[in-house]
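Novice: Can you keep this structure in mind? I'll have questions shortly.
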Protein chains: 2
Amino acid sequence: MSESTSAKSELTWAVLGGGNGGQALSGHLALMGFAVRLYDIFPETIDAIRSAGGIQVDGVVSGFGKIETATTDIRPVLEGADIVMVVAPAIAHCDIAAKCAPHLVDGQIVFIHPGATGGTLEFNRVLLELGCGKSINLAESESLLYSCRSQKPGYATIFGIKNELMVAALPATATKGVVELLNQAFPQIYAGSNVLETSLSNANAMMHPAPTLLNTSMIESGKDWLYYWDGVTPSIGAFVEALDEERLAVASAFGLKLPGILEWYKIHYGAEGKTLSEAVKQNQAYAKVKGQDTLRTRYLLEDIPTGLVPMARLARLAGVDVDRMETMIKLGEFLTGEDFTSSGRSLEKLGLADMSVPEILRYLQTGKRN
Amino acid sequence: MSESTSAKSELTWAVLGGGNGGQALSGHLALMGFAVRLYDIFPETIDAIRSAGGIQVDGVVSGFGKIETATTDIRPVLEGADIVMVVAPAIAHCDIAAKCAPHLVDGQIVFIHPGATGGTLEFNRVLLELGCGKSINLAESESLLYSCRSQKPGYATIFGIKNELMVAALPATATKGVVELLNQAFPQIYAGSNVLETSLSNANAMMHPAPTLLNTSMIESGKDWLYYWDGVTPSIGAFVEALDEERLAVASAFGLKLPGILEWYKIHYGAEGKTLSEAVKQNQAYAKVKGQDTLRTRYLLEDIPTGLVPMARLARLAGVDVDRMETMIKLGEFLTGEDFTSSGRSLEKLGLADMSVPEILRYLQTGKRN
């Protein structure tokens with residue numbers, strides 16, 4: 001952790017993922033004066049950024065962020081990077097881990113931003129399976145720091161930046177050092193107690209699959225609608241609040257006391273309401289968040305297998321009843337035809353198979369499985 | 001069955017239930033020349049019909065049907081009736097059976113119109129439990145013969161009358177005689193093989209709970225919408241088709257080959273489509289069927305406990321996987337706060353506890369439980 005004392009601009013960041021979040025973060029980091037490399041699988045994205053030489057950022061931050069390297073080849077992006085920041089759909093984390101494995105070196109930080117539920121655990125399991133014996137610090141955030149959008153490759157708009165963002169490392173003993181380093185760019189980042197705290201703080205798992213499934217007819221109506229303002233009706237909001245109680249019960253079984261979703265809205269958006277349906281309508285950031293016109297979006301295809309599935313599997317291990325989570329997983333499978341039970345983050349995929357709750361807690365703390 | 005040879009007008013009908021169906025049927029039967037008595041629990045309904053002396057019918061049938069007796073007292077309605085026709089929400093069948101038990105006499109027919117799923121079985125179980133040892137012929141129809149509405153007590157509009165309607169009796173050996181008698185008023189009625197055939201032909205269990213639940217946001221949107229035309233979107237229709245496959249599998253486990261829901265629309269409405277979503281839009285009878293504005297309607301509160309629950313329990317007994325049915329029952333419980341698992345028609349409530357499939361089939365045929 002000697003880097004934690006380096007001057008700001010000496011840190012080199014590898015950003016893996018050139019979508020909305022990846023471009024906004026790359027551009028902003030570059031504007032802050034950091035050396036930034038960007039990797040994405042899509043040549044169109046990479047070509048546009050490379051030919052422009054960087055990313056034009058606007059919104060709450062603005063300017064042209066120069067990108068050192070933009071490429072579809074992961075190796076030169078990773079080489080010499082201090083912090084490897086994964087900003088990609090959670091269903092891609094597994095593949096990204098496999099691509100990183102041969103190139104990572106001792107002392108690098110891999111920061112999964114965000115990890116959804118179990119991002120770090122899965123990443124670590126893949127590295128171990130592929131025989132990557134390097135001493136890496138793996139960390140994850142509870143959500144994405146920005147609300148942002150890239151209208152086209154090379155352009156990113158940052159609508160808002162969260163006031164605080166929880167990050168935890170695996171092992172938890174490494175969290176302090178990682179957070180200090182990340183704070184050089186992002187002072188909002190603070191330490192969670194372990195990667196289950198960040199993983200179980202995945203609000204998308206609460207706010208995306210259930211409202212989406214219960215808006216199936218709205219989604220297929222051909223009409224314009226607002227995802228939160230129209231979609232979180234009183235009964236849907238009440239269902240999500242009950243679903244959220246299940247999440248808190250899982251957290252509690254692992255010794256974590258987390259804020260509930262209503263508290264979460266107060267903390268992150270200053271949005272208050274007696275019910276979730278009321279609270280989301282107090283969140284002006286949702287005023288323009290349109291509803292989908294198809295069921296095949298990340299709200300189901302990502303947030304079920306990398307949100308509800310790992311939460312439900314952890315619940316089963318800990319003997320917590322999560323009937324609503326299980327029901328949403330099944331309904332999601334029925335309506336999309338996907339087999340999230342198989343594709344999702346099982347305990348095996350998280351590297352937690354056959355472990356008890358105390359063994360898992362020890363592993364989270366020490367990084368040692370026995 | 002000596003009545004089967006009586007002249008038409010000599011049959012006396014007791015209609016239990018003065019809602020939409022009960023008033024339309026009472027009015028129509030009276031117009032056909034039958035003696036009709038009507039029972040309902042609501043004094044407002046009864047008072048209006050009694051003071052008018054009958055029911056004004058319009059639509060595909062019209063005229064003033066004179067009602068012999070309209071009362072909230074069940075005894076004089078049952079006394080001397082040849083056919084007791086129960087036209088009431090299925091969740092009321094159990095109470096109605098208990099009220100009938102002391103007054104029924106040998107040879108009466110109790111025709112549950114419709115029985116939802118397990119109407120006759122439940123009615124019989126209640127009669128037996130209350131020690132009603134009379135020799136009654138219990139029968140049920142697969143659905144309601146009419147599409148109709150009562151705008152106010154004493155007035156009924158019959159929009160349409162089905163071309164055919166399956167009826168079966170318990171025991172099945174009595175079906176032929178019952179159907180012959182019912183045919184004096186309703187030539188459309190034909191014999192099903194047993195009361196599981198009528199019970200598992202309950203299309204409401206397919207068309208009501210799932211589309212309602214998956215239209216939760218539409219229901220609470222405050223907007224006008226059409227239940228079938230807007231509500232059965234492609235994904236919802238596909239889900240119901242898969243749900244319907246489960247129903248057919250349950251039927252098959254009990255030796256019944258039933259038409260699927262697409263075939264059912266062709267038979268009953270001449271509505272054809274490659275998918276259910278297309279087929280319902282070909283059914284002009286649905287053009288004005290508006291969507292609900294609350295989840296608390298019979299589409300959930302009746303069709304889950306007296307439709308999906310008994311189907312799912314029969315499935316479990318027969319070892320048939322009905323994951324979609326189970327998921328809809330749970331989701332219905334979560335969204336309404338009702339405990340359909342307890343309140344619904346369990347095998348115990350149907351009088352089928354601890355019986356095997358062959359034992360049930362023998363019981364349906366003979367009416368004997370051993």
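Chain labels run A, B, ... following the order of the structure tokens; each chain numbers its residues from 1, and ligands are numbered from 1 in the order shown.
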Among stretch 108-323 of chain A, which residues carry a DSSP assignment of strand (DSSP E or B), reported as a PyMOL selection string?

Specialist: chain A and resi 109-112+137-141+146-149+155-161+165-170+189-191+226+290

Novice: Give me a file of those residues, with N, CA, C and O atoms, as a tab-separated table (two decimals), in the first residue's frame.

Specialist:
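This went into again_37.tsv:
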chain	number	residue	atom	x	y	z
A	109	ILE	N	-4.76	-3.27	-7.50
A	109	ILE	CA	-6.10	-3.28	-6.92
A	109	ILE	C	-7.09	-3.51	-8.05
A	109	ILE	O	-7.00	-2.85	-9.09
A	110	VAL	N	-7.99	-4.46	-7.86
A	110	VAL	CA	-9.11	-4.60	-8.80
A	110	VAL	C	-10.36	-4.12	-8.08
A	110	VAL	O	-10.76	-4.68	-7.07
A	111	PHE	N	-10.90	-3.03	-8.58
A	111	PHE	CA	-12.05	-2.40	-7.94
A	111	PHE	C	-13.28	-2.60	-8.85
A	111	PHE	O	-13.36	-2.02	-9.93
A	112	ILE	N	-14.20	-3.43	-8.40
A	112	ILE	CA	-15.41	-3.73	-9.20
A	112	ILE	C	-16.46	-2.70	-8.81
A	112	ILE	O	-16.92	-2.66	-7.67
A	137	ASN	N	-5.44	-6.99	-4.45
A	137	ASN	CA	-6.50	-6.55	-3.56
A	137	ASN	C	-7.78	-6.37	-4.36
A	137	ASN	O	-7.85	-5.50	-5.23
A	138	LEU	N	-8.74	-7.20	-4.05
A	138	LEU	CA	-10.03	-7.12	-4.76
A	138	LEU	C	-11.00	-6.33	-3.91
A	138	LEU	O	-11.11	-6.56	-2.71
A	139	ALA	N	-11.72	-5.41	-4.55
A	139	ALA	CA	-12.70	-4.62	-3.80
A	139	ALA	C	-13.93	-4.37	-4.67
A	139	ALA	O	-13.88	-4.55	-5.89
A	140	GLU	N	-15.01	-3.97	-4.03
A	140	GLU	CA	-16.24	-3.68	-4.78
A	140	GLU	C	-16.99	-2.55	-4.10
A	140	GLU	O	-16.87	-2.34	-2.88
A	141	SER	N	-17.80	-1.84	-4.89
A	141	SER	CA	-18.67	-0.80	-4.32
A	141	SER	C	-20.10	-1.32	-4.30
A	141	SER	O	-20.45	-2.25	-5.02
A	146	TYR	N	-21.87	7.38	-10.06
A	146	TYR	CA	-22.51	8.39	-10.90
A	146	TYR	C	-23.89	7.95	-11.36
A	146	TYR	O	-24.15	6.77	-11.55
A	147	SER	N	-24.73	8.94	-11.61
A	147	SER	CA	-25.82	8.67	-12.55
A	147	SER	C	-25.40	9.38	-13.82
A	147	SER	O	-25.04	10.56	-13.81
A	148	CYS	N	-25.30	8.63	-14.89
A	148	CYS	CA	-24.66	9.16	-16.10
A	148	CYS	C	-25.16	8.43	-17.33
A	148	CYS	O	-25.83	7.40	-17.24
A	149	ARG	N	-24.87	8.97	-18.46
A	149	ARG	CA	-25.27	8.35	-19.73
A	149	ARG	C	-24.27	8.74	-20.81
A	149	ARG	O	-23.78	9.87	-20.84
A	155	TYR	N	-18.55	10.50	-25.72
A	155	TYR	CA	-19.30	11.55	-25.02
A	155	TYR	C	-19.98	10.95	-23.78
A	155	TYR	O	-20.59	9.89	-23.87
A	156	ALA	N	-19.87	11.65	-22.67
A	156	ALA	CA	-20.54	11.17	-21.46
A	156	ALA	C	-21.12	12.35	-20.70
A	156	ALA	O	-20.49	13.40	-20.58
A	157	THR	N	-22.35	12.16	-20.21
A	157	THR	CA	-22.98	13.18	-19.38
A	157	THR	C	-23.10	12.64	-17.96
A	157	THR	O	-23.63	11.53	-17.77
A	158	ILE	N	-22.59	13.40	-17.00
A	158	ILE	CA	-22.71	13.00	-15.60
A	158	ILE	C	-23.84	13.84	-14.99
A	158	ILE	O	-23.71	15.04	-14.81
A	159	PHE	N	-24.97	13.18	-14.73
A	159	PHE	CA	-26.14	13.90	-14.18
A	159	PHE	C	-25.95	14.19	-12.69
A	159	PHE	O	-26.40	15.20	-12.18
A	160	GLY	N	-25.32	13.26	-12.01
A	160	GLY	CA	-25.17	13.44	-10.57
A	160	GLY	C	-24.09	12.52	-10.03
A	160	GLY	O	-23.74	11.51	-10.65
A	161	ILE	N	-23.52	12.92	-8.91
A	161	ILE	CA	-22.50	12.11	-8.23
A	161	ILE	C	-22.98	11.89	-6.81
A	161	ILE	O	-23.39	12.83	-6.13
A	165	LEU	N	-20.32	6.52	-0.95
A	165	LEU	CA	-20.35	5.23	-1.62
A	165	LEU	C	-19.53	4.24	-0.79
A	165	LEU	O	-18.34	4.47	-0.51
A	166	MET	N	-20.18	3.15	-0.44
A	166	MET	CA	-19.49	2.15	0.38
A	166	MET	C	-18.64	1.22	-0.49
A	166	MET	O	-19.09	0.76	-1.54
A	167	VAL	N	-17.43	0.95	-0.03
A	167	VAL	CA	-16.53	0.03	-0.71
A	167	VAL	C	-15.96	-0.93	0.33
A	167	VAL	O	-15.69	-0.53	1.47
A	168	ALA	N	-15.82	-2.18	-0.05
A	168	ALA	CA	-15.15	-3.15	0.84
A	168	ALA	C	-14.23	-4.02	0.01
A	168	ALA	O	-14.45	-4.20	-1.19
A	169	ALA	N	-13.19	-4.53	0.68
A	169	ALA	CA	-12.22	-5.38	-0.02
A	169	ALA	C	-12.28	-6.81	0.50
A	169	ALA	O	-12.82	-7.08	1.57
A	170	LEU	N	-11.75	-7.70	-0.29
A	170	LEU	CA	-11.58	-9.09	0.13
A	170	LEU	C	-10.09	-9.36	0.17
A	170	LEU	O	-9.46	-9.31	-0.90
A	189	ILE	N	-15.89	7.87	-1.10
A	189	ILE	CA	-15.82	6.44	-0.79
A	189	ILE	C	-15.45	6.22	0.67
A	189	ILE	O	-14.55	6.86	1.20
A	190	TYR	N	-16.21	5.33	1.31
A	190	TYR	CA	-15.91	4.97	2.70
A	190	TYR	C	-15.94	3.45	2.84
A	190	TYR	O	-16.46	2.73	1.97
A	191	ALA	N	-15.40	2.97	3.96
A	191	ALA	CA	-15.21	1.53	4.12
A	191	ALA	C	-16.45	0.82	4.66
A	191	ALA	O	-17.02	1.24	5.67
A	226	LEU	N	-42.98	6.23	-16.91
A	226	LEU	CA	-41.79	6.52	-16.12
A	226	LEU	C	-41.54	5.35	-15.18
A	226	LEU	O	-42.44	4.94	-14.43
A	290	LYS	N	-37.25	6.83	-17.91
A	290	LYS	CA	-38.34	6.19	-18.65
A	290	LYS	C	-38.42	4.69	-18.38
A	290	LYS	O	-37.42	4.05	-18.07

Novice: I need the chain B residues near chain A as a count of residues only; criterion: at most 9 Å, counting only C-alpha atoms.

Specialist: 29

Novice: Please list as a VMD selection string every residue within 10 Å of A:Ser343, counting only C-alpha atoms and excluding residues in the same chain fewer than 4 positions away.

Specialist: chain A and resid 91 304 to 306 309 338 to 339 349

Novice: What would the file look like if the residues just selected were written as an mmCIF file, in the first residue's frame with N, CA and C atoms?

Specialist:
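The resulting file, again_26.cif, is reproduced below:
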data_model
loop_
_atom_site.group_PDB
_atom_site.id
_atom_site.type_symbol
_atom_site.label_atom_id
_atom_site.label_comp_id
_atom_site.auth_asym_id
_atom_site.auth_seq_id
_atom_site.Cartn_x
_atom_site.Cartn_y
_atom_site.Cartn_z
ATOM 1 N N ILE A 91 -23.012 -9.445 -15.226
ATOM 2 C CA ILE A 91 -22.965 -10.771 -15.858
ATOM 3 C C ILE A 91 -21.675 -10.949 -16.659
ATOM 4 N N ILE A 304 -31.404 -10.104 -11.761
ATOM 5 C CA ILE A 304 -31.828 -11.375 -11.153
ATOM 6 C C ILE A 304 -30.615 -12.281 -10.925
ATOM 7 N N PRO A 305 -29.833 -12.617 -11.967
ATOM 8 C CA PRO A 305 -28.743 -13.587 -11.725
ATOM 9 C C PRO A 305 -27.604 -13.064 -10.852
ATOM 10 N N THR A 306 -27.391 -11.767 -10.827
ATOM 11 C CA THR A 306 -26.273 -11.252 -10.019
ATOM 12 C C THR A 306 -26.755 -10.422 -8.830
ATOM 13 N N VAL A 309 -30.475 -13.838 -7.172
ATOM 14 C CA VAL A 309 -30.029 -15.237 -7.044
ATOM 15 C C VAL A 309 -28.982 -15.389 -5.935
ATOM 16 N N GLU A 338 -35.226 -17.476 -19.409
ATOM 17 C CA GLU A 338 -33.845 -17.696 -18.972
ATOM 18 C C GLU A 338 -33.813 -18.644 -17.775
ATOM 19 N N ASP A 339 -32.684 -19.333 -17.614
ATOM 20 C CA ASP A 339 -32.510 -20.233 -16.480
ATOM 21 C C ASP A 339 -31.555 -19.567 -15.477
ATOM 22 N N LYS A 349 -20.392 -20.572 -7.491
ATOM 23 C CA LYS A 349 -19.770 -19.517 -8.306
ATOM 24 C C LYS A 349 -19.141 -18.426 -7.440
#

Novice: If you run DSSP over the backbone, which residues in stretch 44-237 of chain B end up alpha helix (DSSP H)? Put them as a VMD selection string.

Specialist: chain B and resid 44 to 52 74 to 78 93 to 100 119 to 129 175 to 183 195 to 199 204 to 207 209 to 213 216 to 219 234 to 237

Novice: Leaving out B:Gly319 and any residue of its chain fewer than 5 positions from it, which residues lie within 12 Å of it when counting only C-alpha atoms, given as a list in words?

Specialist: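 In the requested form, the answer reads Glu246, Ala249, Val250, Ala251, Ser252, Ala253, Phe254, Ala312, Arg313, Leu314, Ser356 and Val357 of chain B.
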
Novice: Using only C-alpha atoms, pick whichever of A:Gly133, A:Gly344, A:Gly237, A:Pro89 has the shortest atom-to-atom distance to A:Gly21.

Specialist: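 Comparing A:Gly133, A:Gly344, A:Gly237, A:Pro89 against A:Gly21, the winner is A:Pro89.
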
Novice: Measure the distance from atom CA of B:Ala205 to atom CA of A:Ala210 in Å and round it to one decimal.

Specialist: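 Interatomic distance here is 22.9 Å.
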
Novice: If we count only C-alpha atoms, what is near B:Ala70 at a cut-off of 12 Å, once residues fewer than 3 positions away on the same chain are taken out, given as a VMD selection string?

Specialist: chain B and resid 14 to 18 22 to 23 26 to 27 35 to 55 66 to 67 73 to 78 153 to 154

Novice: To one decimal place, how far is atom CA of A:Tyr269 from atom CA of A:Asn283 in Å?

Specialist: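 Calculated distance between atom CA of A:Tyr269 and atom CA of A:Asn283 is 6.3 Å.
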
Novice: Using only C-alpha atoms, pick whichever of B:Leu196, B:Gly367, B:Ser277, B:Phe34 has the shortest atom-to-atom distance to B:Ile136.

Specialist: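 Looking only at the distances to B:Ile136, the closest residue turns out to be B:Gly367.
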
Novice: One number please: atom CA of B:Val280 to atom CA of B:Trp229, in Å, one decimal.

Specialist: 6.6 Å

Novice: Given the choices A:Leu121, A:Leu130, A:Leu256, A:Val87, which gets closest to A:Leu104 if the distance is worked out from only C-alpha atoms?

Specialist: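 Looking at the shortest contact to A:Leu104, the residue is A:Leu130.
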
Novice: With only C-alpha atoms as the counted atoms, please give the residues lying no more than 9 Å from A:Arg125, apart from itself and same-chain residues fewer than 5 positions off, as a list in words.

Specialist: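 Surrounding residues, per the criterion: Thr120, Leu130, Glu348, Lys349, Leu350, Gly351 and Leu352 of chain A.
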
Novice: Write out as a PyMOL selection string which residues come within 8 Å of B:Lys162 when counting only C-alpha atoms, dropping same-chain ones fewer than 4 positions away.

Specialist: chain B and resi 145-146+188+268

Novice: For B:Asn20, which of B:Val57, B:Leu182, B:Thr72, B:His208 is the closest residue, counting only C-alpha atoms?

Specialist: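 Ranked by minimum distance to B:Asn20, first place goes to B:Val57.
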